[in-house]
>>> print(open('upload_33.pdb').read())   # PDB, C-alpha atoms and all ligand atoms
ATOM      1  CA  MET A   1     -15.701  19.649  23.504  1.00  0.00           C
ATOM      2  CA  LYS A   2     -12.548  18.356  21.857  1.00  0.00           C
ATOM      3  CA  ALA A   3     -13.074  20.574  18.799  1.00  0.00           C
ATOM      4  CA  CYS A   4     -13.636  23.497  21.135  1.00  0.00           C
ATOM      5  CA  MET A   5     -10.351  22.834  22.946  1.00  0.00           C
ATOM      6  CA  VAL A   6      -8.517  22.588  19.630  1.00  0.00           C
ATOM      7  CA  LYS A   7      -9.984  25.936  18.558  1.00  0.00           C
ATOM      8  CA  LEU A   8      -8.988  27.505  21.847  1.00  0.00           C
ATOM      9  CA  GLY A   9      -5.508  26.045  21.494  1.00  0.00           C
ATOM     10  CA  ILE A  10      -5.172  27.488  17.998  1.00  0.00           C
ATOM     11  CA  PHE A  11      -6.376  30.887  19.186  1.00  0.00           C
ATOM     12  CA  VAL A  12      -3.841  30.925  22.022  1.00  0.00           C
ATOM     13  CA  ALA A  13      -1.160  29.769  19.583  1.00  0.00           C
ATOM     14  CA  MET A  14      -2.058  32.586  17.209  1.00  0.00           C
ATOM     15  CA  VAL A  15      -1.781  35.221  19.926  1.00  0.00           C
ATOM     16  CA  VAL A  16       1.548  33.831  21.106  1.00  0.00           C
ATOM     17  CA  LEU A  17       2.877  33.628  17.561  1.00  0.00           C
ATOM     18  CA  LEU A  18       1.788  37.124  16.584  1.00  0.00           C
ATOM     19  CA  PHE A  19       3.247  38.476  19.819  1.00  0.00           C
ATOM     20  CA  GLY A  20       6.499  36.655  19.124  1.00  0.00           C
ATOM     21  CA  LEU A  21       6.636  37.871  15.533  1.00  0.00           C
ATOM     22  CA  THR A  22       5.993  41.501  16.332  1.00  0.00           C
ATOM     23  CA  THR A  23       8.115  41.641  19.470  1.00  0.00           C
ATOM     24  CA  PHE A  24      11.172  39.616  18.624  1.00  0.00           C
ATOM     25  CA  GLY A  25      10.877  38.705  14.957  1.00  0.00           C
ATOM     26  CA  LEU A  26      11.660  35.154  13.896  1.00  0.00           C
ATOM     27  CA  SER A  27      15.401  34.660  14.074  1.00  0.00           C
ATOM     28  CA  ALA A  28      15.171  31.757  11.620  1.00  0.00           C
ATOM     29  CA  SER A  29      13.602  34.041   9.045  1.00  0.00           C
ATOM     30  CA  ALA A  30      16.095  36.889   9.403  1.00  0.00           C
ATOM     31  CA  ASP A  31      16.960  36.635   5.703  1.00  0.00           C
ATOM     32  CA  TYR A  32      13.361  36.719   4.558  1.00  0.00           C
ATOM     33  CA  SER A  33      10.893  39.560   4.266  1.00  0.00           C
ATOM     34  CA  SER A  34       8.053  37.292   5.418  1.00  0.00           C
ATOM     35  CA  PRO A  35       8.032  33.858   7.094  1.00  0.00           C
ATOM     36  CA  LYS A  36       6.031  32.684   4.091  1.00  0.00           C
ATOM     37  CA  ASP A  37       9.085  33.318   1.884  1.00  0.00           C
ATOM     38  CA  ASP A  38      11.002  30.750   3.913  1.00  0.00           C
ATOM     39  CA  ILE A  39      11.544  27.794   1.563  1.00  0.00           C
ATOM     40  CA  TYR A  40      11.424  25.460   4.562  1.00  0.00           C
ATOM     41  CA  LEU A  41       7.762  26.406   5.051  1.00  0.00           C
ATOM     42  CA  THR A  42       6.774  25.587   1.466  1.00  0.00           C
ATOM     43  CA  LEU A  43       3.450  23.792   1.358  1.00  0.00           C
ATOM     44  CA  VAL A  44       2.949  20.892  -1.014  1.00  0.00           C
ATOM     45  CA  ASN A  45      -0.197  18.876  -0.426  1.00  0.00           C
ATOM     46  CA  LYS A  46      -3.248  17.595  -2.294  1.00  0.00           C
ATOM     47  CA  ASP A  47      -4.285  21.199  -3.089  1.00  0.00           C
ATOM     48  CA  HIS A  48      -0.826  22.716  -3.579  1.00  0.00           C
ATOM     49  CA  ARG A  49       1.418  21.612  -6.377  1.00  0.00           C
ATOM     50  CA  LEU A  50       5.210  21.767  -6.216  1.00  0.00           C
ATOM     51  CA  PRO A  51       6.158  25.392  -7.047  1.00  0.00           C
ATOM     52  CA  VAL A  52       7.539  25.993 -10.535  1.00  0.00           C
ATOM     53  CA  GLY A  53      11.344  26.187 -10.605  1.00  0.00           C
ATOM     54  CA  TRP A  54      11.619  24.481  -7.208  1.00  0.00           C
ATOM     55  CA  GLU A  55      14.788  22.563  -8.122  1.00  0.00           C
ATOM     56  CA  ASP A  56      16.630  25.883  -8.580  1.00  0.00           C
ATOM     57  CA  LYS A  57      15.821  26.910  -5.009  1.00  0.00           C
ATOM     58  CA  ILE A  58      17.280  23.928  -3.234  1.00  0.00           C
ATOM     59  CA  GLU A  59      20.513  22.016  -3.107  1.00  0.00           C
ATOM     60  CA  LEU A  60      20.245  18.256  -3.039  1.00  0.00           C
ATOM     61  CA  GLU A  61      22.885  16.063  -1.443  1.00  0.00           C
ATOM     62  CA  THR A  62      23.467  12.354  -1.699  1.00  0.00           C
ATOM     63  CA  ALA A  63      23.057  10.076   1.302  1.00  0.00           C
ATOM     64  CA  TYR A  64      23.073   6.324   1.849  1.00  0.00           C
ATOM     65  CA  ASN A  65      21.281   4.050   4.259  1.00  0.00           C
ATOM     66  CA  PHE A  66      22.762   0.963   5.930  1.00  0.00           C
ATOM     67  CA  GLN A  67      21.880  -1.117   2.861  1.00  0.00           C
ATOM     68  CA  GLY A  68      23.915   1.185   0.621  1.00  0.00           C
ATOM     69  CA  GLU A  69      20.777   2.527  -1.072  1.00  0.00           C
ATOM     70  CA  GLU A  70      21.333   5.997  -2.481  1.00  0.00           C
ATOM     71  CA  PHE A  71      19.061   8.940  -1.644  1.00  0.00           C
ATOM     72  CA  GLN A  72      18.837  12.615  -2.521  1.00  0.00           C
ATOM     73  CA  VAL A  73      17.951  14.985   0.315  1.00  0.00           C
ATOM     74  CA  GLU A  74      17.911  18.778   0.589  1.00  0.00           C
ATOM     75  CA  ARG A  75      21.139  19.955   2.261  1.00  0.00           C
ATOM     76  CA  GLU A  76      19.800  21.367   5.563  1.00  0.00           C
ATOM     77  CA  THR A  77      17.235  18.577   5.844  1.00  0.00           C
ATOM     78  CA  LEU A  78      19.986  15.985   5.554  1.00  0.00           C
ATOM     79  CA  ARG A  79      22.201  17.709   8.101  1.00  0.00           C
ATOM     80  CA  HIS A  80      19.329  17.746  10.591  1.00  0.00           C
ATOM     81  CA  PHE A  81      18.289  14.185   9.814  1.00  0.00           C
ATOM     82  CA  GLU A  82      21.826  13.113  10.676  1.00  0.00           C
ATOM     83  CA  SER A  83      21.686  14.930  14.015  1.00  0.00           C
ATOM     84  CA  LEU A  84      18.290  13.329  14.748  1.00  0.00           C
ATOM     85  CA  ARG A  85      19.631   9.881  13.892  1.00  0.00           C
ATOM     86  CA  ASP A  86      22.729  10.347  16.080  1.00  0.00           C
ATOM     87  CA  ASP A  87      20.565  11.589  18.944  1.00  0.00           C
ATOM     88  CA  LEU A  88      18.260   8.546  18.691  1.00  0.00           C
ATOM     89  CA  LEU A  89      21.190   6.129  18.412  1.00  0.00           C
ATOM     90  CA  LEU A  90      22.234   7.279  21.886  1.00  0.00           C
ATOM     91  CA  GLN A  91      18.839   6.004  23.059  1.00  0.00           C
ATOM     92  CA  GLY A  92      19.339   2.694  21.264  1.00  0.00           C
ATOM     93  CA  ILE A  93      16.971   3.552  18.398  1.00  0.00           C
ATOM     94  CA  ASP A  94      18.259   3.068  14.853  1.00  0.00           C
ATOM     95  CA  ILE A  95      16.402   5.004  12.156  1.00  0.00           C
ATOM     96  CA  GLU A  96      17.339   4.670   8.500  1.00  0.00           C
ATOM     97  CA  LEU A  97      16.376   6.486   5.310  1.00  0.00           C
ATOM     98  CA  ASP A  98      13.678   4.681   3.372  1.00  0.00           C
ATOM     99  CA  SER A  99      12.388   7.299   0.941  1.00  0.00           C
ATOM    100  CA  THR A 100      13.368  10.930   0.411  1.00  0.00           C
ATOM    101  CA  TYR A 101      13.407  13.230  -2.638  1.00  0.00           C
ATOM    102  CA  ARG A 102      11.312  11.930  -5.502  1.00  0.00           C
ATOM    103  CA  THR A 103      10.966  13.248  -9.002  1.00  0.00           C
ATOM    104  CA  ILE A 104       7.510  13.288 -10.564  1.00  0.00           C
ATOM    105  CA  ASP A 105       8.484  10.149 -12.517  1.00  0.00           C
ATOM    106  CA  GLY A 106       9.582   8.602  -9.220  1.00  0.00           C
ATOM    107  CA  GLN A 107       6.127   9.237  -7.787  1.00  0.00           C
ATOM    108  CA  ILE A 108       4.552   7.549 -10.815  1.00  0.00           C
ATOM    109  CA  ASP A 109       6.754   4.520 -10.012  1.00  0.00           C
ATOM    110  CA  VAL A 110       5.463   4.543  -6.426  1.00  0.00           C
ATOM    111  CA  TRP A 111       1.876   4.330  -7.707  1.00  0.00           C
ATOM    112  CA  GLU A 112       2.796   1.455  -9.998  1.00  0.00           C
ATOM    113  CA  TRP A 113       4.508  -0.394  -7.150  1.00  0.00           C
ATOM    114  CA  PHE A 114       1.477  -0.139  -4.849  1.00  0.00           C
ATOM    115  CA  ARG A 115      -0.908  -1.185  -7.645  1.00  0.00           C
ATOM    116  CA  ASN A 116       1.309  -4.156  -8.561  1.00  0.00           C
ATOM    117  CA  GLU A 117       1.323  -5.174  -4.898  1.00  0.00           C
ATOM    118  CA  GLY A 118      -2.475  -5.349  -5.065  1.00  0.00           C
ATOM    119  CA  TYR A 119      -3.370  -2.259  -3.019  1.00  0.00           C
ATOM    120  CA  SER A 120      -6.861  -0.947  -3.831  1.00  0.00           C
ATOM    121  CA  ASP A 121      -7.549   2.363  -5.542  1.00  0.00           C
ATOM    122  CA  ASP A 122      -9.116   3.597  -2.284  1.00  0.00           C
ATOM    123  CA  TYR A 123      -5.900   2.809  -0.414  1.00  0.00           C
ATOM    124  CA  CYS A 124      -3.740   4.468  -3.056  1.00  0.00           C
ATOM    125  CA  PHE A 125      -5.806   7.648  -3.206  1.00  0.00           C
ATOM    126  CA  SER A 126      -5.824   8.068   0.560  1.00  0.00           C
ATOM    127  CA  HIS A 127      -2.140   7.180   1.079  1.00  0.00           C
ATOM    128  CA  LEU A 128      -0.316   8.295  -2.055  1.00  0.00           C
ATOM    129  CA  ALA A 129       0.108  11.741  -3.523  1.00  0.00           C
ATOM    130  CA  ILE A 130      -0.735  12.416  -7.143  1.00  0.00           C
ATOM    131  CA  PRO A 131       2.539  12.990  -9.042  1.00  0.00           C
ATOM    132  CA  GLY A 132       3.380  16.721  -8.767  1.00  0.00           C
ATOM    133  CA  PHE A 133       1.558  16.979  -5.427  1.00  0.00           C
ATOM    134  CA  SER A 134       3.876  14.903  -3.236  1.00  0.00           C
ATOM    135  CA  GLU A 135       5.819  16.546  -0.447  1.00  0.00           C
ATOM    136  CA  HIS A 136       8.648  14.220  -1.411  1.00  0.00           C
ATOM    137  CA  HIS A 137       9.249  16.360  -4.511  1.00  0.00           C
ATOM    138  CA  THR A 138      10.545  19.102  -2.204  1.00  0.00           C
ATOM    139  CA  GLY A 139      13.521  17.147  -0.821  1.00  0.00           C
ATOM    140  CA  LEU A 140      12.394  18.347   2.630  1.00  0.00           C
ATOM    141  CA  ALA A 141      10.456  15.169   3.469  1.00  0.00           C
ATOM    142  CA  ILE A 142      11.928  11.939   4.747  1.00  0.00           C
ATOM    143  CA  ASP A 143      10.365   8.532   5.251  1.00  0.00           C
ATOM    144  CA  ILE A 144      12.256   6.403   7.702  1.00  0.00           C
ATOM    145  CA  GLY A 145      12.392   2.742   8.555  1.00  0.00           C
ATOM    146  CA  ILE A 146      13.747   1.355  11.823  1.00  0.00           C
ATOM    147  CA  ILE A 147      16.162  -1.406  12.617  1.00  0.00           C
ATOM    148  CA  LYS A 148      14.813  -3.498  15.468  1.00  0.00           C
ATOM    149  CA  ASP A 149      16.609  -6.612  16.692  1.00  0.00           C
ATOM    150  CA  GLY A 150      18.683  -6.568  13.532  1.00  0.00           C
ATOM    151  CA  VAL A 151      15.636  -6.475  11.240  1.00  0.00           C
ATOM    152  CA  PHE A 152      14.826  -3.496   9.008  1.00  0.00           C
ATOM    153  CA  ILE A 153      11.173  -2.566   9.449  1.00  0.00           C
ATOM    154  CA  ASN A 154       9.774  -0.307   6.723  1.00  0.00           C
ATOM    155  CA  ASP A 155       6.359  -1.856   6.093  1.00  0.00           C
ATOM    156  CA  ASN A 156       3.620   0.692   6.823  1.00  0.00           C
ATOM    157  CA  ASP A 157       1.445  -1.551   9.010  1.00  0.00           C
ATOM    158  CA  GLU A 158       4.412  -2.950  10.918  1.00  0.00           C
ATOM    159  CA  MET A 159       5.663   0.556  11.642  1.00  0.00           C
ATOM    160  CA  ILE A 160       2.263   1.716  12.887  1.00  0.00           C
ATOM    161  CA  ALA A 161       2.336  -1.264  15.293  1.00  0.00           C
ATOM    162  CA  GLU A 162       5.691  -0.089  16.772  1.00  0.00           C
ATOM    163  CA  ARG A 163       3.994   2.531  18.917  1.00  0.00           C
ATOM    164  CA  GLU A 164       6.548   2.730  21.705  1.00  0.00           C
ATOM    165  CA  ILE A 165       9.579   3.211  19.474  1.00  0.00           C
ATOM    166  CA  PHE A 166       7.835   5.771  17.286  1.00  0.00           C
ATOM    167  CA  ALA A 167       6.612   7.727  20.314  1.00  0.00           C
ATOM    168  CA  LYS A 168      10.253   8.080  21.403  1.00  0.00           C
ATOM    169  CA  ILE A 169      11.294   9.113  17.899  1.00  0.00           C
ATOM    170  CA  HIS A 170       8.505  11.693  17.615  1.00  0.00           C
ATOM    171  CA  GLU A 171       9.505  13.232  20.937  1.00  0.00           C
ATOM    172  CA  ARG A 172      12.886  14.174  19.481  1.00  0.00           C
ATOM    173  CA  LEU A 173      11.747  15.520  16.073  1.00  0.00           C
ATOM    174  CA  ALA A 174      11.184  19.189  16.896  1.00  0.00           C
ATOM    175  CA  ASP A 175      14.602  19.585  18.522  1.00  0.00           C
ATOM    176  CA  HIS A 176      16.086  18.781  15.124  1.00  0.00           C
ATOM    177  CA  GLY A 177      13.690  20.948  13.115  1.00  0.00           C
ATOM    178  CA  PHE A 178      11.289  18.232  11.972  1.00  0.00           C
ATOM    179  CA  ILE A 179       7.551  17.802  12.354  1.00  0.00           C
ATOM    180  CA  LEU A 180       5.470  14.658  12.202  1.00  0.00           C
ATOM    181  CA  ARG A 181       3.745  15.747   9.012  1.00  0.00           C
ATOM    182  CA  TYR A 182       0.727  13.418   9.087  1.00  0.00           C
ATOM    183  CA  PRO A 183      -0.289  12.961  12.728  1.00  0.00           C
ATOM    184  CA  PRO A 184      -3.145  10.669  13.771  1.00  0.00           C
ATOM    185  CA  ASP A 185      -6.703  11.960  13.294  1.00  0.00           C
ATOM    186  CA  ARG A 186      -5.670  15.090  11.358  1.00  0.00           C
ATOM    187  CA  GLU A 187      -6.624  13.877   7.892  1.00  0.00           C
ATOM    188  CA  ASN A 188      -9.155  16.727   7.634  1.00  0.00           C
ATOM    189  CA  SER A 189      -6.257  19.184   7.730  1.00  0.00           C
ATOM    190  CA  THR A 190      -3.371  17.373   6.019  1.00  0.00           C
ATOM    191  CA  GLY A 191      -5.323  15.172   3.592  1.00  0.00           C
ATOM    192  CA  TYR A 192      -3.487  12.058   4.803  1.00  0.00           C
ATOM    193  CA  SER A 193      -4.056   9.425   7.437  1.00  0.00           C
ATOM    194  CA  TYR A 194      -1.446   8.735  10.116  1.00  0.00           C
ATOM    195  CA  GLU A 195       2.097   8.178   8.848  1.00  0.00           C
ATOM    196  CA  PRO A 196       4.455   7.740  11.815  1.00  0.00           C
ATOM    197  CA  TRP A 197       7.413   7.432   9.417  1.00  0.00           C
ATOM    198  CA  HIS A 198       7.032  10.647   7.372  1.00  0.00           C
ATOM    199  CA  PHE A 199       8.935  13.661   8.719  1.00  0.00           C
ATOM    200  CA  ARG A 200       9.160  17.119   7.235  1.00  0.00           C
ATOM    201  CA  TYR A 201      11.957  19.586   7.856  1.00  0.00           C
ATOM    202  CA  VAL A 202      10.683  23.105   8.670  1.00  0.00           C
ATOM    203  CA  GLY A 203      13.455  24.403  10.962  1.00  0.00           C
ATOM    204  CA  GLU A 204      13.667  24.172  14.726  1.00  0.00           C
ATOM    205  CA  GLU A 205      11.730  27.289  15.675  1.00  0.00           C
ATOM    206  CA  HIS A 206       8.714  26.505  13.503  1.00  0.00           C
ATOM    207  CA  ALA A 207       8.841  22.805  14.399  1.00  0.00           C
ATOM    208  CA  LYS A 208       8.803  23.537  18.125  1.00  0.00           C
ATOM    209  CA  PHE A 209       5.868  25.893  17.787  1.00  0.00           C
ATOM    210  CA  MET A 210       3.760  23.509  15.700  1.00  0.00           C
ATOM    211  CA  THR A 211       4.567  20.596  18.001  1.00  0.00           C
ATOM    212  CA  GLU A 212       3.832  22.577  21.152  1.00  0.00           C
ATOM    213  CA  PHE A 213       0.391  23.598  19.909  1.00  0.00           C
ATOM    214  CA  GLY A 214      -0.425  20.396  18.023  1.00  0.00           C
ATOM    215  CA  MET A 215      -0.763  22.255  14.734  1.00  0.00           C
ATOM    216  CA  THR A 216      -0.392  20.877  11.258  1.00  0.00           C
ATOM    217  CA  LEU A 217       1.702  22.745   8.696  1.00  0.00           C
ATOM    218  CA  GLU A 218      -1.543  23.787   6.986  1.00  0.00           C
ATOM    219  CA  GLU A 219      -2.883  25.350  10.217  1.00  0.00           C
ATOM    220  CA  TYR A 220       0.418  27.032  10.984  1.00  0.00           C
ATOM    221  CA  LEU A 221       0.711  28.651   7.567  1.00  0.00           C
ATOM    222  CA  GLU A 222      -2.833  29.921   7.768  1.00  0.00           C
ATOM    223  CA  MET A 223      -1.877  31.748  10.981  1.00  0.00           C
ATOM    224  CA  LEU A 224       1.257  33.432   9.711  1.00  0.00           C
ATOM    225  CA  PRO A 225       1.086  37.022   8.528  1.00  0.00           C
ATOM    226  CA  ALA A 226       1.097  37.348   4.731  1.00  0.00           C
TER
HETATM  227 ZN    ZN A 301       6.511  10.035   2.898  1.00  0.00          ZN
END
>>> encode(input="upload_33.pdb", output="C-alpha cells")
Amino acid sequence: MKACMVKLGIFVAMVVLLFGLTTFGLSASADYSSPKDDIYLTLVNKDHRLPVGWEDKIELETAYNFQGEEFQVERETLRHFESLRDDLLLQGIDIELDSTYRTIDGQIDVWEWFRNEGYSDDYCFSHLAIPGFSEHHTGLAIDIGIIKDGVFINDNDEMIAEREIFAKIHERLADHGFILRYPPDRENSTGYSYEPWHFRYVGEEHAKFMTEFGMTLEEYLEMLPA
C-alpha cells in the first residue's frame, strides 16, 4: 500500500513537473539548455563519481564556524547556508558548519578517522562514501552540528536523537534551496541511511519540488527530460 502511494505520488509529481517545464520553463535554469546541465543538480553517489574537471566549474569560498574552524564551500551554497542559519537563529536554533567540501585525500582521512575510532567495516561502508564518490567533493553538500544549551552537538547518534530540533531545521531547508539528502528509509534510492545533518544545495525551485513530493535527488533526476 505504502509503495503504491509512493508510486502514485511520483507519477503525479512527474505530470506536474512536465507540465511546469513545458508551460513555464524553469526560471532557475534559464541559462541552461536542459535542467540536467544545471551544476546544482549534479549527482554524485555510490554509482556516480565526481565529474572530471569539476573544480573548474565551481567557485569555492572560505567560511568559519564558531570554533574558528575553516571550511571551503561552493559560493551559492554558502550564501544560502548563511540565510538558512540566520533564519533558524530567529527561531532560537543555532546550526554550525561541521563538514563541507572535501578533497579525495580528505575523504581518505575520514575513513581513517572512523576506522581509528573503532567503527566496523559494515558501518563504514554503509555510512561513508568511497573517495571520489562523496557528495562532499562537490562543495554543494554541508554537514551541520547544532549548539544546544551551549554545547556543540556533532556526534551522529546524538544528532539523530535530537528529533524535535532537526524537524524544525528540515522544515526550513527548501526555502533556502537545500534538500535533506539522505532522508529516513530511503536507502534503496540514495544508498545511505538517515543523515539528519547532511544537506545538499540544489536551488530553491528544485528543492521545493523534491520536498513537496518526498523525492530523492536520484528520483528527481530520473524524471527530468534529458
Ligand atoms: Zn555529509
>>> residues_near_ligand(input="upload_33.pdb", ligand="ligand ZN 301 (chain A)", cutoff="8 Å", atoms="only C-alpha atoms and all ligand atoms", output="list in words")
Ser99, Thr100, Glu135, His136, Ala141, Ile142, Asp143, Glu195, Trp197, His198 and Phe199 of chain A
>>> resolve_selection(input="upload_33.pdb", expression="the PyMOL selection byres (((chain A and resi 146) around 9) and not hetatm)", output="ChimeraX atom specification")
/A:93-97,144-145,147-148,151-154,159,165
>>> atom_distance(input="upload_33.pdb", atom1="CA of Gln72 (chain A)", atom2="CA of Arg102 (chain A)")
8.1 Å
>>> closest_residue(input="upload_33.pdb", among="A:Leu88, A:Asn156, A:Glu171, A:Arg200", to="Tyr101 (chain A)", atoms="all atoms listed in the file")
A:Arg200
>>> axis_aligned_box(input="upload_33.pdb", around="region 74-80 of chain A", padding_each_side="8 Å", output="JSON")
{"center_x": 19.7, "center_y": 18.7, "center_z": 5.6, "size_x": 21.0, "size_y": 21.4, "size_z": 26.0}
>>> resolve_selection(input="upload_33.pdb", expression="the PyMOL selection byres (((chain A and resi 209) around 10) and not hetatm)", output="mmCIF file with C-alpha atoms, keeping the file's coordinate frame")
data_model
loop_
_atom_site.group_PDB
_atom_site.id
_atom_site.type_symbol
_atom_site.label_atom_id
_atom_site.label_comp_id
_atom_site.auth_asym_id
_atom_site.auth_seq_id
_atom_site.Cartn_x
_atom_site.Cartn_y
_atom_site.Cartn_z
ATOM 1 C CA ALA A 13 -1.160 29.769 19.583
ATOM 2 C CA VAL A 16 1.548 33.831 21.106
ATOM 3 C CA LEU A 17 2.877 33.628 17.561
ATOM 4 C CA ALA A 174 11.184 19.189 16.896
ATOM 5 C CA ILE A 179 7.551 17.802 12.354
ATOM 6 C CA GLU A 204 13.667 24.172 14.726
ATOM 7 C CA GLU A 205 11.730 27.289 15.675
ATOM 8 C CA HIS A 206 8.714 26.505 13.503
ATOM 9 C CA ALA A 207 8.841 22.805 14.399
ATOM 10 C CA LYS A 208 8.803 23.537 18.125
ATOM 11 C CA MET A 210 3.760 23.509 15.700
ATOM 12 C CA THR A 211 4.567 20.596 18.001
ATOM 13 C CA GLU A 212 3.832 22.577 21.152
ATOM 14 C CA PHE A 213 0.391 23.598 19.909
ATOM 15 C CA GLY A 214 -0.425 20.396 18.023
ATOM 16 C CA MET A 215 -0.763 22.255 14.734
ATOM 17 C CA TYR A 220 0.418 27.032 10.984
#
>>> atom_distance(input="upload_33.pdb", atom1="CA of Gly106 (chain A)", atom2="CA of Thr42 (chain A)")
20.3 Å
>>> residues_around(input="upload_33.pdb", residues="Lys57 (chain A)", least_positions_apart="3", cutoff="9 Å", atoms="all atoms listed in the file", output="MDAnalysis selection string")
chainID A and resid 39 53:54
>>> resolve_selection(input="upload_33.pdb", expression="the PyMOL selection byres (((chain A and resi 77-82) around 7) and not hetatm)", output="NGL selection string")
:A and (73-76 or 83-86 or 140 or 176-177 or 201)
>>> closest_residue(input="upload_33.pdb", among="A:Glu164, A:Asp149, A:Glu112, A:Glu218", to="Glu187 (chain A)", atoms="all atoms listed in the file")
A:Glu218
>>> closest_residue(input="upload_33.pdb", among="A:Asp87, A:Ser120, A:Asp98, A:Asp155", to="Ala63 (chain A)", atoms="only C-alpha atoms")
A:Asp98
>>> closest_residue(input="upload_33.pdb", among="A:Gly203, A:Pro183, A:Gly139, A:Gly132", to="Ile104 (chain A)", atoms="all atoms listed in the file")
A:Gly132
>>> atom_distance(input="upload_33.pdb", atom1="CA of Leu180 (chain A)", atom2="CA of Tyr192 (chain A)")
11.9 Å
>>> residues_around(input="upload_33.pdb", residues="Leu50 (chain A)", least_positions_apart="2", cutoff="7 Å", atoms="all atoms listed in the file", output="ChimeraX atom specification")
/A:44,48,52,132-133,137
>>> residues_around(input="upload_33.pdb", residues="Cys124 (chain A)", least_positions_apart="2", cutoff="12 Å", atoms="only C-alpha atoms", output="ChimeraX atom specification")
/A:107-108,110-122,126-130,192-193
>>> closest_residue(input="upload_33.pdb", among="A:Pro35, A:Pro196, A:Pro51, A:Pro184", to="Ala167 (chain A)", atoms="all atoms listed in the file")
A:Pro196
>>> closest_residue(input="upload_33.pdb", among="A:Glu59, A:Lys168, A:Phe66, A:Leu41", to="Gly150 (chain A)", atoms="all atoms listed in the file")
A:Phe66
